[in-house]
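Chemist: Coordinates in final.pdb, PDB, C-alpha atoms and all ligand atoms, are listed below.
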```pdb
MODEL        1
ATOM      1  CA  MET T 564     138.708  -4.829-207.209  1.00  0.00           C
ATOM      2  CA  ILE T 565     141.423  -6.986-205.626  1.00  0.00           C
ATOM      3  CA  GLU T 566     143.139  -9.475-207.911  1.00  0.00           C
ATOM      4  CA  ILE T 567     145.365 -12.132-206.382  1.00  0.00           C
ATOM      5  CA  VAL T 568     148.237 -13.851-208.185  1.00  0.00           C
ATOM      6  CA  ALA T 569     150.203 -16.810-206.861  1.00  0.00           C
ATOM      7  CA  ASP T 570     153.670 -15.592-207.824  1.00  0.00           C
ATOM      8  CA  THR T 571     155.153 -12.659-209.667  1.00  0.00           C
ATOM      9  CA  ALA T 572     158.353 -10.642-209.758  1.00  0.00           C
ATOM     10  CA  SER T 573     156.844  -7.349-208.610  1.00  0.00           C
ATOM     11  CA  THR T 574     153.233  -6.220-208.317  1.00  0.00           C
ATOM     12  CA  ASN T 575     154.434  -2.653-208.922  1.00  0.00           C
ATOM     13  CA  ALA T 576     156.047  -3.671-212.217  1.00  0.00           C
ATOM     14  CA  ASP T 577     152.909  -5.579-213.226  1.00  0.00           C
ATOM     15  CA  LEU T 578     150.542  -2.663-212.646  1.00  0.00           C
ATOM     16  CA  LEU T 579     152.880  -0.222-214.406  1.00  0.00           C
ATOM     17  CA  GLN T 580     152.952  -2.580-217.376  1.00  0.00           C
ATOM     18  CA  ARG T 581     149.155  -2.785-217.437  1.00  0.00           C
ATOM     19  CA  ARG T 582     148.870   0.999-217.547  1.00  0.00           C
ATOM     20  CA  ARG T 583     151.544   1.217-220.272  1.00  0.00           C
ATOM     21  CA  SER T 584     149.648  -1.316-222.358  1.00  0.00           C
ATOM     22  CA  GLY T 585     146.410   0.639-221.951  1.00  0.00           C
ATOM     23  CA  LEU T 586     144.686  -2.285-220.236  1.00  0.00           C
ATOM     24  CA  PRO T 587     141.740  -1.300-218.012  1.00  0.00           C
ATOM     25  CA  ALA T 588     143.291  -0.550-214.640  1.00  0.00           C
ATOM     26  CA  GLY T 589     142.445   2.547-212.629  1.00  0.00           C
ATOM     27  CA  GLU T 590     142.084   3.833-209.087  1.00  0.00           C
ATOM     28  CA  GLY T 591     140.668   1.183-206.782  1.00  0.00           C
ATOM     29  CA  CYS T 592     142.362  -1.637-208.681  1.00  0.00           C
ATOM     30  CA  TRP T 593     144.678  -3.804-206.542  1.00  0.00           C
ATOM     31  CA  LEU T 594     147.097  -6.559-207.431  1.00  0.00           C
ATOM     32  CA  VAL T 595     148.198  -8.772-204.529  1.00  0.00           C
ATOM     33  CA  ALA T 596     150.792 -11.558-204.747  1.00  0.00           C
ATOM     34  CA  ASP T 597     151.052 -14.658-202.552  1.00  0.00           C
ATOM     35  CA  ARG T 598     154.780 -14.687-203.336  1.00  0.00           C
ATOM     36  CA  GLN T 599     156.918 -12.020-204.975  1.00  0.00           C
ATOM     37  CA  HIS T 600     160.410 -12.953-206.091  1.00  0.00           C
ATOM     38  CA  GLY T 601     161.651  -9.569-207.386  1.00  0.00           C
ATOM     39  CA  GLY T 602     160.093  -7.148-204.912  1.00  0.00           C
ATOM     40  CA  ARG T 603     161.323  -3.579-205.255  1.00  0.00           C
ATOM     41  CA  GLY T 604     161.935  -1.338-202.256  1.00  0.00           C
ATOM     42  CA  ARG T 605     162.820   2.321-201.775  1.00  0.00           C
ATOM     43  CA  GLN T 606     166.343   3.587-202.490  1.00  0.00           C
ATOM     44  CA  GLY T 607     166.887   0.799-205.019  1.00  0.00           C
ATOM     45  CA  ARG T 608     166.706  -1.896-202.356  1.00  0.00           C
ATOM     46  CA  ALA T 609     164.972  -5.248-202.702  1.00  0.00           C
ATOM     47  CA  TRP T 610     161.852  -6.073-200.676  1.00  0.00           C
ATOM     48  CA  LEU T 611     161.903  -9.614-199.335  1.00  0.00           C
ATOM     49  CA  ASP T 612     158.648 -11.535-199.304  1.00  0.00           C
ATOM     50  CA  ALA T 613     157.495 -14.321-196.999  1.00  0.00           C
ATOM     51  CA  PRO T 614     154.419 -16.536-196.964  1.00  0.00           C
ATOM     52  CA  GLY T 615     151.463 -14.926-195.234  1.00  0.00           C
ATOM     53  CA  ASN T 616     152.819 -11.406-195.617  1.00  0.00           C
ATOM     54  CA  PHE T 617     151.041  -8.764-197.689  1.00  0.00           C
ATOM     55  CA  MET T 618     152.657  -7.746-200.954  1.00  0.00           C
ATOM     56  CA  GLY T 619     150.375  -5.664-203.149  1.00  0.00           C
ATOM     57  CA  SER T 620     150.047  -2.573-205.305  1.00  0.00           C
ATOM     58  CA  THR T 621     147.369  -0.128-206.297  1.00  0.00           C
ATOM     59  CA  ILE T 622     146.971   2.691-208.799  1.00  0.00           C
ATOM     60  CA  ILE T 623     146.528   6.393-208.169  1.00  0.00           C
ATOM     61  CA  VAL T 624     145.753   8.604-211.156  1.00  0.00           C
ATOM     62  CA  ALA T 625     147.035  12.150-210.637  1.00  0.00           C
ATOM     63  CA  ARG T 626     144.367  14.821-211.128  1.00  0.00           C
ATOM     64  CA  ALA T 627     144.638  18.537-211.854  1.00  0.00           C
ATOM     65  CA  GLY T 628     144.286  20.298-208.512  1.00  0.00           C
ATOM     66  CA  ASP T 629     145.659  17.428-206.437  1.00  0.00           C
ATOM     67  CA  PRO T 630     147.717  18.472-203.384  1.00  0.00           C
ATOM     68  CA  PRO T 631     151.504  18.525-203.886  1.00  0.00           C
ATOM     69  CA  ALA T 632     152.673  15.052-204.963  1.00  0.00           C
ATOM     70  CA  THR T 633     155.335  15.232-202.240  1.00  0.00           C
ATOM     71  CA  THR T 634     152.568  14.789-199.652  1.00  0.00           C
ATOM     72  CA  LEU T 635     151.072  11.674-201.287  1.00  0.00           C
ATOM     73  CA  PRO T 636     153.588   9.317-199.580  1.00  0.00           C
ATOM     74  CA  LEU T 637     152.381  10.670-196.229  1.00  0.00           C
ATOM     75  CA  ALA T 638     148.740   9.935-197.103  1.00  0.00           C
ATOM     76  CA  CYS T 639     149.684   6.406-198.204  1.00  0.00           C
ATOM     77  CA  GLY T 640     151.476   5.807-194.898  1.00  0.00           C
ATOM     78  CA  LEU T 641     148.359   6.937-193.033  1.00  0.00           C
ATOM     79  CA  ALA T 642     146.239   4.451-195.017  1.00  0.00           C
ATOM     80  CA  VAL T 643     148.504   1.528-194.116  1.00  0.00           C
ATOM     81  CA  LEU T 644     148.594   2.613-190.475  1.00  0.00           C
ATOM     82  CA  GLU T 645     144.782   2.785-190.369  1.00  0.00           C
ATOM     83  CA  ALA T 646     144.526  -0.774-191.687  1.00  0.00           C
ATOM     84  CA  LEU T 647     147.006  -2.000-189.062  1.00  0.00           C
ATOM     85  CA  VAL T 648     145.609  -0.249-185.973  1.00  0.00           C
ATOM     86  CA  PRO T 649     142.788  -2.770-185.315  1.00  0.00           C
ATOM     87  CA  LEU T 650     145.319  -5.608-185.455  1.00  0.00           C
ATOM     88  CA  VAL T 651     147.578  -4.550-182.599  1.00  0.00           C
ATOM     89  CA  PRO T 652     146.693  -4.736-178.890  1.00  0.00           C
ATOM     90  CA  VAL T 653     148.088  -1.259-178.157  1.00  0.00           C
ATOM     91  CA  PRO T 654     147.647   1.151-181.093  1.00  0.00           C
ATOM     92  CA  GLY T 655     150.362   3.460-179.699  1.00  0.00           C
ATOM     93  CA  GLN T 656     152.904   0.741-180.544  1.00  0.00           C
ATOM     94  CA  LEU T 657     152.492   1.744-184.196  1.00  0.00           C
ATOM     95  CA  GLN T 658     154.277   4.841-185.439  1.00  0.00           C
ATOM     96  CA  LEU T 659     154.980   6.435-188.788  1.00  0.00           C
ATOM     97  CA  LYS T 660     158.515   7.275-189.861  1.00  0.00           C
ATOM     98  CA  TRP T 661     159.252   9.589-192.764  1.00  0.00           C
ATOM     99  CA  PRO T 662     158.110   9.375-195.406  1.00  0.00           C
ATOM    100  CA  ASN T 663     155.777   6.391-195.035  1.00  0.00           C
ATOM    101  CA  ASP T 664     157.284   3.498-193.110  1.00  0.00           C
ATOM    102  CA  VAL T 665     155.129   1.976-190.381  1.00  0.00           C
ATOM    103  CA  LEU T 666     156.994   0.879-187.248  1.00  0.00           C
ATOM    104  CA  LEU T 667     155.726  -1.580-184.678  1.00  0.00           C
ATOM    105  CA  ARG T 668     157.561  -1.157-181.361  1.00  0.00           C
ATOM    106  CA  GLY T 669     160.334   0.526-183.354  1.00  0.00           C
ATOM    107  CA  GLY T 670     160.776  -2.230-185.954  1.00  0.00           C
ATOM    108  CA  LYS T 671     159.687  -1.594-189.522  1.00  0.00           C
ATOM    109  CA  ILE T 672     156.554  -3.587-190.236  1.00  0.00           C
ATOM    110  CA  ALA T 673     155.451  -1.956-193.506  1.00  0.00           C
ATOM    111  CA  GLY T 674     157.071  -0.096-196.376  1.00  0.00           C
ATOM    112  CA  ILE T 675     155.642   1.700-199.378  1.00  0.00           C
ATOM    113  CA  LEU T 676     157.217   2.335-202.772  1.00  0.00           C
ATOM    114  CA  LEU T 677     155.627   4.959-205.015  1.00  0.00           C
ATOM    115  CA  GLU T 678     156.576   4.801-208.685  1.00  0.00           C
ATOM    116  CA  ARG T 679     155.311   7.400-211.174  1.00  0.00           C
ATOM    117  CA  GLU T 680     154.949   7.439-214.951  1.00  0.00           C
ATOM    118  CA  SER T 681     153.145  10.528-216.291  1.00  0.00           C
ATOM    119  CA  ASP T 682     149.772  10.650-214.504  1.00  0.00           C
ATOM    120  CA  THR T 683     150.044   7.076-213.190  1.00  0.00           C
ATOM    121  CA  ILE T 684     151.338   6.522-209.670  1.00  0.00           C
ATOM    122  CA  ILE T 685     151.747   2.966-208.452  1.00  0.00           C
ATOM    123  CA  ALA T 686     151.709   2.571-204.675  1.00  0.00           C
ATOM    124  CA  GLY T 687     153.323  -0.729-203.740  1.00  0.00           C
ATOM    125  CA  ILE T 688     152.930  -1.882-200.160  1.00  0.00           C
ATOM    126  CA  GLY T 689     154.702  -4.601-198.248  1.00  0.00           C
ATOM    127  CA  VAL T 690     153.480  -5.547-194.752  1.00  0.00           C
ATOM    128  CA  ASN T 691     155.053  -8.174-192.506  1.00  0.00           C
ATOM    129  CA  LEU T 692     151.810  -9.719-191.322  1.00  0.00           C
ATOM    130  CA  ALA T 693     153.214 -13.142-190.467  1.00  0.00           C
ATOM    131  CA  THR T 694     156.979 -13.159-190.835  1.00  0.00           C
ATOM    132  CA  ALA T 695     159.798 -10.659-190.442  1.00  0.00           C
ATOM    133  CA  PRO T 696     162.311 -11.342-193.204  1.00  0.00           C
ATOM    134  CA  LEU T 697     165.939 -11.180-192.123  1.00  0.00           C
ATOM    135  CA  VAL T 698     167.314  -7.868-193.283  1.00  0.00           C
ATOM    136  CA  ALA T 699     170.962  -7.099-192.624  1.00  0.00           C
ATOM    137  CA  ASN T 700     171.484  -4.315-190.077  1.00  0.00           C
ATOM    138  CA  ARG T 701     167.790  -3.618-189.677  1.00  0.00           C
ATOM    139  CA  GLN T 702     165.335  -4.471-186.958  1.00  0.00           C
ATOM    140  CA  VAL T 703     162.206  -5.455-188.809  1.00  0.00           C
ATOM    141  CA  GLY T 704     158.857  -5.953-187.152  1.00  0.00           C
ATOM    142  CA  THR T 705     156.025  -8.385-187.674  1.00  0.00           C
ATOM    143  CA  LEU T 706     152.491  -8.544-186.346  1.00  0.00           C
ATOM    144  CA  GLY T 707     153.364 -12.091-185.290  1.00  0.00           C
ATOM    145  CA  LYS T 708     155.363 -10.523-182.411  1.00  0.00           C
ATOM    146  CA  VAL T 709     152.250  -9.054-180.773  1.00  0.00           C
ATOM    147  CA  GLY T 710     149.579 -11.580-181.614  1.00  0.00           C
ATOM    148  CA  PRO T 711     148.301 -14.070-184.153  1.00  0.00           C
ATOM    149  CA  ALA T 712     149.049 -13.196-187.773  1.00  0.00           C
ATOM    150  CA  PRO T 713     145.900 -11.790-189.415  1.00  0.00           C
ATOM    151  CA  ASP T 714     144.354 -13.294-192.500  1.00  0.00           C
ATOM    152  CA  ARG T 715     146.055 -11.756-195.550  1.00  0.00           C
ATOM    153  CA  ASP T 716     142.879 -11.442-197.613  1.00  0.00           C
ATOM    154  CA  SER T 717     140.850  -9.650-194.959  1.00  0.00           C
ATOM    155  CA  PHE T 718     143.819  -7.341-194.378  1.00  0.00           C
ATOM    156  CA  ALA T 719     143.849  -6.618-198.133  1.00  0.00           C
ATOM    157  CA  ARG T 720     140.155  -5.661-198.056  1.00  0.00           C
ATOM    158  CA  ASN T 721     140.636  -3.382-195.028  1.00  0.00           C
ATOM    159  CA  LEU T 722     143.654  -1.772-196.650  1.00  0.00           C
ATOM    160  CA  ALA T 723     141.757  -1.111-199.882  1.00  0.00           C
ATOM    161  CA  THR T 724     138.987   0.601-197.859  1.00  0.00           C
ATOM    162  CA  ALA T 725     141.513   2.621-195.825  1.00  0.00           C
ATOM    163  CA  PHE T 726     143.232   3.661-199.041  1.00  0.00           C
ATOM    164  CA  VAL T 727     140.036   5.043-200.578  1.00  0.00           C
ATOM    165  CA  ARG T 728     139.437   7.079-197.420  1.00  0.00           C
ATOM    166  CA  ALA T 729     143.049   8.294-197.245  1.00  0.00           C
ATOM    167  CA  LEU T 730     143.007   9.473-200.868  1.00  0.00           C
ATOM    168  CA  GLU T 731     139.676  11.254-200.371  1.00  0.00           C
ATOM    169  CA  LEU T 732     140.999  12.992-197.260  1.00  0.00           C
ATOM    170  CA  TRP T 733     144.281  13.900-198.992  1.00  0.00           C
ATOM    171  CA  ARG T 734     142.353  15.494-201.842  1.00  0.00           C
ATOM    172  CA  ALA T 735     139.848  17.218-199.539  1.00  0.00           C
ATOM    173  CA  GLU T 736     142.249  18.503-196.857  1.00  0.00           C
ATOM    174  CA  GLY T 737     145.349  19.065-198.965  1.00  0.00           C
ATOM    175  CA  ALA T 738     148.867  19.237-197.606  1.00  0.00           C
ATOM    176  CA  PRO T 739     148.216  20.973-194.237  1.00  0.00           C
ATOM    177  CA  GLY T 740     145.620  18.457-193.023  1.00  0.00           C
ATOM    178  CA  THR T 741     147.614  15.492-194.281  1.00  0.00           C
ATOM    179  CA  ILE T 742     150.761  16.735-192.549  1.00  0.00           C
ATOM    180  CA  ALA T 743     148.885  17.369-189.285  1.00  0.00           C
ATOM    181  CA  ARG T 744     147.457  13.844-189.242  1.00  0.00           C
ATOM    182  CA  TRP T 745     150.818  12.340-190.221  1.00  0.00           C
ATOM    183  CA  LEU T 746     152.604  14.202-187.396  1.00  0.00           C
ATOM    184  CA  ALA T 747     150.018  12.993-184.883  1.00  0.00           C
ATOM    185  CA  ALA T 748     150.803   9.390-185.853  1.00  0.00           C
ATOM    186  CA  ALA T 749     154.598   9.706-186.106  1.00  0.00           C
ATOM    187  CA  HIS T 750     157.322   9.199-183.507  1.00  0.00           C
ATOM    188  CA  PRO T 751     157.674  12.313-181.340  1.00  0.00           C
ATOM    189  CA  VAL T 752     159.391  15.512-182.379  1.00  0.00           C
ATOM    190  CA  GLY T 753     162.906  15.378-180.923  1.00  0.00           C
ATOM    191  CA  SER T 754     163.422  11.668-181.719  1.00  0.00           C
ATOM    192  CA  ALA T 755     167.001  10.892-182.729  1.00  0.00           C
ATOM    193  CA  LEU T 756     167.219  10.109-186.452  1.00  0.00           C
ATOM    194  CA  ALA T 757     169.980   9.196-188.856  1.00  0.00           C
ATOM    195  CA  VAL T 758     169.450  10.034-192.500  1.00  0.00           C
ATOM    196  CA  HIS T 759     171.425   8.305-195.223  1.00  0.00           C
ATOM    197  CA  ASP T 760     171.265  10.542-198.257  1.00  0.00           C
ATOM    198  CA  ASP T 761     171.385   9.402-201.881  1.00  0.00           C
ATOM    199  CA  ALA T 762     175.183   9.759-201.872  1.00  0.00           C
ATOM    200  CA  GLY T 763     175.379   7.391-198.883  1.00  0.00           C
ATOM    201  CA  LEU T 764     176.304  10.174-196.472  1.00  0.00           C
ATOM    202  CA  ARG T 765     174.996   9.845-192.895  1.00  0.00           C
ATOM    203  CA  ILE T 766     173.436  12.893-191.278  1.00  0.00           C
ATOM    204  CA  GLY T 767     172.520  12.591-187.600  1.00  0.00           C
ATOM    205  CA  GLY T 768     169.972  14.847-185.945  1.00  0.00           C
ATOM    206  CA  ARG T 769     166.619  15.152-184.235  1.00  0.00           C
ATOM    207  CA  PHE T 770     163.172  15.049-185.801  1.00  0.00           C
ATOM    208  CA  ALA T 771     161.884  18.617-186.114  1.00  0.00           C
ATOM    209  CA  GLY T 772     158.625  18.077-187.978  1.00  0.00           C
ATOM    210  CA  LEU T 773     157.805  18.489-191.652  1.00  0.00           C
ATOM    211  CA  GLU T 774     157.994  21.313-194.190  1.00  0.00           C
ATOM    212  CA  PRO T 775     154.717  22.504-195.767  1.00  0.00           C
ATOM    213  CA  ASP T 776     155.479  20.286-198.794  1.00  0.00           C
ATOM    214  CA  GLY T 777     156.042  17.214-196.603  1.00  0.00           C
ATOM    215  CA  ALA T 778     159.854  17.245-196.584  1.00  0.00           C
ATOM    216  CA  LEU T 779     161.575  16.136-193.370  1.00  0.00           C
ATOM    217  CA  ARG T 780     163.022  18.753-191.010  1.00  0.00           C
ATOM    218  CA  LEU T 781     166.109  17.512-189.202  1.00  0.00           C
ATOM    219  CA  ALA T 782     167.625  19.577-186.391  1.00  0.00           C
ATOM    220  CA  VAL T 783     171.375  19.192-186.656  1.00  0.00           C
ATOM    221  CA  ASP T 784     174.278  20.739-184.759  1.00  0.00           C
ATOM    222  CA  ALA T 785     173.811  24.189-183.262  1.00  0.00           C
ATOM    223  CA  GLY T 786     170.080  24.119-183.866  1.00  0.00           C
ATOM    224  CA  ALA T 787     170.332  24.439-187.641  1.00  0.00           C
ATOM    225  CA  ILE T 788     167.589  22.728-189.645  1.00  0.00           C
ATOM    226  CA  ARG T 789     168.428  20.508-192.612  1.00  0.00           C
ATOM    227  CA  VAL T 790     165.548  19.866-194.993  1.00  0.00           C
ATOM    228  CA  ILE T 791     165.586  16.312-196.332  1.00  0.00           C
ATOM    229  CA  ARG T 792     163.689  15.585-199.555  1.00  0.00           C
ATOM    230  CA  ALA T 793     165.151  12.140-200.297  1.00  0.00           C
ATOM    231  CA  GLY T 794     166.992   9.563-198.267  1.00  0.00           C
ATOM    232  CA  ASP T 795     166.685   6.649-195.927  1.00  0.00           C
ATOM    233  CA  VAL T 796     165.738   7.502-192.359  1.00  0.00           C
ATOM    234  CA  VAL T 797     166.566   5.357-189.352  1.00  0.00           C
ATOM    235  CA  LEU T 798     164.986   5.910-185.927  1.00  0.00           C
ATOM    236  CA  GLU T 799     168.036   5.614-183.706  1.00  0.00           C
ATOM    237  CA  GLY T 800     167.931   3.196-180.818  1.00  0.00           C
ATOM    238  CA  CYS T 801     165.113   1.251-182.455  1.00  0.00           C
ATOM    239  CA  GLU T 802     166.227   0.178-185.896  1.00  0.00           C
ATOM    240  CA  ALA T 803     169.726  -1.079-186.617  1.00  0.00           C
TER     241      ALA T 803
HETATM  242  O1  LIG X   1     161.466  -0.112-199.248  1.00  0.00           O
HETATM  243  C1  LIG X   1     160.316   0.062-198.849  1.00  0.00           C
HETATM  244  O2  LIG X   1     160.091   0.403-197.689  1.00  0.00           O
HETATM  245  C2  LIG X   1     159.156  -0.108-199.781  1.00  0.00           C
HETATM  246  C3  LIG X   1     158.838  -1.547-199.990  1.00  0.00           C
HETATM  247  C4  LIG X   1     157.678  -1.780-200.927  1.00  0.00           C
HETATM  248  C5  LIG X   1     157.461  -3.241-201.191  1.00  0.00           C
HETATM  249  C6  LIG X   1     156.204  -3.513-201.941  1.00  0.00           C
HETATM  250  S1  LIG X   1     155.760  -5.222-201.930  1.00  0.00           S
HETATM  251  C7  LIG X   1     154.531  -4.938-203.125  1.00  0.00           C
HETATM  252  C8  LIG X   1     155.065  -3.914-204.100  1.00  0.00           C
HETATM  253  N1  LIG X   1     155.775  -4.533-205.195  1.00  0.00           N
HETATM  254  C9  LIG X   1     157.071  -4.236-205.194  1.00  0.00           C
HETATM  255  O3  LIG X   1     157.910  -4.659-206.013  1.00  0.00           O
HETATM  256  N2  LIG X   1     157.361  -3.442-204.150  1.00  0.00           N
HETATM  257  C10 LIG X   1     156.166  -3.101-203.401  1.00  0.00           C
ENDMDL
END
```
Show the structure stored in the file as structure tokens.

Modeler:
Amino acid sequence: MIEIVADTASTNADLLQRRRSGLPAGEGCWLVADRQHGGRGRQGRAWLDAPGNFMGSTIIVARAGDPPATTLPLACGLAVLEALVPLVPVPGQLQLKWPNDVLLRGGKIAGILLERESDTIIAGIGVNLATAPLVANRQVGTLGKVGPAPDRDSFARNLATAFVRALELWRAEGAPGTIARWLAAAHPVGSALAVHDDAGLRIGGRFAGLEPDGALRLAVDAGAIRVIRAGDVVLEGCEA
């Protein structure tokens, strides 16, 4: 079920609140906002909205036997990518960047914030369907750069369908299959990346694939591998 609200602070906050209050809201339930004035992004950043863009959240209920939670962001990124592929003239222009950003010609077009409280995981998704908000020091993408902006509501329906499939595949294939499909859709191994860790430190290196739990492998000086489990990743030469 997809519910649409005209304006809210954050669809993630709203769905979390519904689960806390014990209101009926489970997997398959979506909340989509026309406008969102307190959008939350990863790493404590804000997510800027714009008319015609997609801002929405859904619920995932963790089950015993689920694959490692660290691979769920990858599955969510694959779902958003699947919903976007039919909307671009050249599908290869879309790439995933760790853990779940979608890039269009190198500019970030979609971001996902996962927030967890006990068995409830809220996946909040922002997609620049119509407008690329101005973000300091970042090249952001919009579908409007490669064609007409798609209808938000039909995008929402396609995304909900892609999400069901992505969750089923994640649960059926587990971490190895999810990682293999994510790698096939990501920028190439060897791409230059800069990682800004939680302390604000910048680590430069080259993309060296993923660990079995979905963490990022970064080849740094002298061929050493740094394993990144949290941080903000920039694809050098494309973003900022
Ligand atoms: O920083 C990111 O890349 C993640 C951005 C996630 C934004 C979406 S918009 C809908 C949902 N509600 C929020 O407050 N945030 C997410």

Chemist: Choose the residue, out of T:Met564, T:Leu578, T:Pro649, T:Gly674, that has the smallest atom-to-atom separation from ligand LIG 1 (chain X); count only C-alpha atoms and all ligand atoms.

Modeler: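 Using only C-alpha atoms and all ligand atoms, ligand LIG 1 (chain X) sits closest to T:Gly674.
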
Chemist: Find the residues near ligand LIG 1 (chain X). Use a cut-off of 10 Å, count all atoms listed in the file, and write them as a ChimeraX atom specification.

Modeler: /T:571-578,594-596,598-612,616-621,662-665,671-678,685-691,795

Chemist: Give as a compact mmCIF listing (two decimals) with C-alpha atoms, in the frame of the given file the residues that the PyMOL selection byres (((chain T and resi 758) around 7) and not hetatm) matches when applied to the coordinates above.

Modeler:
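In the end it all went to out_31.txt:
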```txt
# COMPACT_ATOMS: atom_id res chain seq x y z
CA LEU T 756 167.22 10.11 -186.45
CA ALA T 757 169.98 9.20 -188.86
CA HIS T 759 171.42 8.30 -195.22
CA ASP T 760 171.26 10.54 -198.26
CA ARG T 765 175.00 9.85 -192.90
CA ILE T 766 173.44 12.89 -191.28
CA GLY T 767 172.52 12.59 -187.60
CA GLY T 794 166.99 9.56 -198.27
CA ASP T 795 166.68 6.65 -195.93
CA VAL T 796 165.74 7.50 -192.36
CA VAL T 797 166.57 5.36 -189.35
```

Chemist: Do a neighbour search on Ile565 (chain T) at 9 Å with all atoms listed in the file, toss out local chain neighbours closer than 6 positions, and write the hits as an MDAnalysis selection string.

Modeler: chainID T and resid 591:595 719:720 723

Chemist: Set the distance at 8 Å and use only C-alpha atoms: which residues neighbour Glu590 (chain T) once local chain neighbours fewer than 5 positions away are removed? I'd like the list as a PDB file with C-alpha atoms, in the coordinates of the input.

Modeler:
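Output below, filename around.pdb:
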```
ATOM      1  CA  THR T 621     147.369  -0.128-206.297  1.00  0.00           C
ATOM      2  CA  ILE T 622     146.971   2.691-208.799  1.00  0.00           C
ATOM      3  CA  ILE T 623     146.528   6.393-208.169  1.00  0.00           C
ATOM      4  CA  VAL T 624     145.753   8.604-211.156  1.00  0.00           C
TER       5      VAL T 624
END
```

Chemist: Tell me which residues the PyMOL selection byres (((chain T and resi 786) around 12) and not hetatm) grabs here, as number ranges by chain.

Modeler: T: 753, 768-771, 780-785, 787-789

Chemist: Since I can't run it myself right now, could you work out what the PyMOL selection byres (((chain T and resi 633-638) around 10) and not hetatm) selects here and report it as a PyMOL selection string?

Modeler: chain T and resi 623+629-632+639-644+659-664+675-677+684+686+726+728-734+737-742+744-746+775-778+792

Chemist: So that I have them on file, write out the residues from the current selection with C-alpha atoms, as a short mmCIF file (atom, residue, chain, number, x, y, z; two decimals), in the frame of the given file.

Modeler:
```
data_model
loop_
_atom_site.label_atom_id
_atom_site.label_comp_id
_atom_site.auth_asym_id
_atom_site.auth_seq_id
_atom_site.Cartn_x
_atom_site.Cartn_y
_atom_site.Cartn_z
CA ILE T 623 146.53 6.39 -208.17
CA ASP T 629 145.66 17.43 -206.44
CA PRO T 630 147.72 18.47 -203.38
CA PRO T 631 151.50 18.52 -203.89
CA ALA T 632 152.67 15.05 -204.96
CA CYS T 639 149.68 6.41 -198.20
CA GLY T 640 151.48 5.81 -194.90
CA LEU T 641 148.36 6.94 -193.03
CA ALA T 642 146.24 4.45 -195.02
CA VAL T 643 148.50 1.53 -194.12
CA LEU T 644 148.59 2.61 -190.48
CA LEU T 659 154.98 6.44 -188.79
CA LYS T 660 158.51 7.28 -189.86
CA TRP T 661 159.25 9.59 -192.76
CA PRO T 662 158.11 9.38 -195.41
CA ASN T 663 155.78 6.39 -195.04
CA ASP T 664 157.28 3.50 -193.11
CA ILE T 675 155.64 1.70 -199.38
CA LEU T 676 157.22 2.34 -202.77
CA LEU T 677 155.63 4.96 -205.02
CA ILE T 684 151.34 6.52 -209.67
CA ALA T 686 151.71 2.57 -204.68
CA PHE T 726 143.23 3.66 -199.04
CA ARG T 728 139.44 7.08 -197.42
CA ALA T 729 143.05 8.29 -197.24
CA LEU T 730 143.01 9.47 -200.87
CA GLU T 731 139.68 11.25 -200.37
CA LEU T 732 141.00 12.99 -197.26
CA TRP T 733 144.28 13.90 -198.99
CA ARG T 734 142.35 15.49 -201.84
CA GLY T 737 145.35 19.07 -198.96
CA ALA T 738 148.87 19.24 -197.61
CA PRO T 739 148.22 20.97 -194.24
CA GLY T 740 145.62 18.46 -193.02
CA THR T 741 147.61 15.49 -194.28
CA ILE T 742 150.76 16.74 -192.55
CA ARG T 744 147.46 13.84 -189.24
CA TRP T 745 150.82 12.34 -190.22
CA LEU T 746 152.60 14.20 -187.40
CA PRO T 775 154.72 22.50 -195.77
CA ASP T 776 155.48 20.29 -198.79
CA GLY T 777 156.04 17.21 -196.60
CA ALA T 778 159.85 17.24 -196.58
CA ARG T 792 163.69 15.58 -199.56
#
```

Chemist: What gap, in Å, lies between CA of Ala755 (chain T) and CA of Pro652 (chain T)?

Modeler: 25.9 Å

Chemist: Could you jot down the CA of Ala588 (chain T) to CA of Val727 (chain T) separation for me, Å, one decimal place?

Modeler: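 CA of Ala588 (chain T) sits 15.5 Å away from CA of Val727 (chain T).
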
Chemist: When distances are computed from all atoms listed in the file, which of T:Asp682, T:Thr705, T:Glu566, T:Ala743 shows the smallest separation from Arg626 (chain T)?

Modeler: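 For Arg626 (chain T), the nearest of the given residues is T:Asp682.
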
Chemist: Looking at T:Pro696, T:Gly589, T:Ala712, T:Glu774, which one is nearest to Val790 (chain T), with distances taken over all atoms listed in the file?

Modeler: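 So, comparing all the options, the nearest one is T:Glu774.
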
Chemist: So how far away is CA of His750 (chain T) from CA of Arg668 (chain T), in Å?

Modeler: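 About the pair CA of Arg668 (chain T) and CA of His750 (chain T): they are 10.6 Å apart.
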
Chemist: Please complete region 613-617 of chain T so it has N, CA and C atoms, and hand it over as an mmCIF file, keeping the file's coordinate frame.

Modeler:
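For reference, selection24.cif as written:
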```cif
data_model
loop_
_atom_site.group_PDB
_atom_site.id
_atom_site.type_symbol
_atom_site.label_atom_id
_atom_site.label_comp_id
_atom_site.auth_asym_id
_atom_site.auth_seq_id
_atom_site.Cartn_x
_atom_site.Cartn_y
_atom_site.Cartn_z
ATOM 1 N N ALA T 613 157.590 -13.124 -197.853
ATOM 2 C CA ALA T 613 157.495 -14.321 -196.999
ATOM 3 C C ALA T 613 156.041 -14.769 -197.039
ATOM 4 N N PRO T 614 155.804 -16.068 -196.908
ATOM 5 C CA PRO T 614 154.419 -16.536 -196.964
ATOM 6 C C PRO T 614 153.575 -15.904 -195.864
ATOM 7 N N GLY T 615 152.367 -15.517 -196.218
ATOM 8 C CA GLY T 615 151.463 -14.926 -195.234
ATOM 9 C C GLY T 615 151.604 -13.426 -195.100
ATOM 10 N N ASN T 616 152.680 -12.861 -195.660
ATOM 11 C CA ASN T 616 152.819 -11.406 -195.617
ATOM 12 C C ASN T 616 152.003 -10.777 -196.744
ATOM 13 N N PHE T 617 151.785 -9.468 -196.642
ATOM 14 C CA PHE T 617 151.041 -8.764 -197.689
ATOM 15 C C PHE T 617 152.024 -8.106 -198.642
#
```
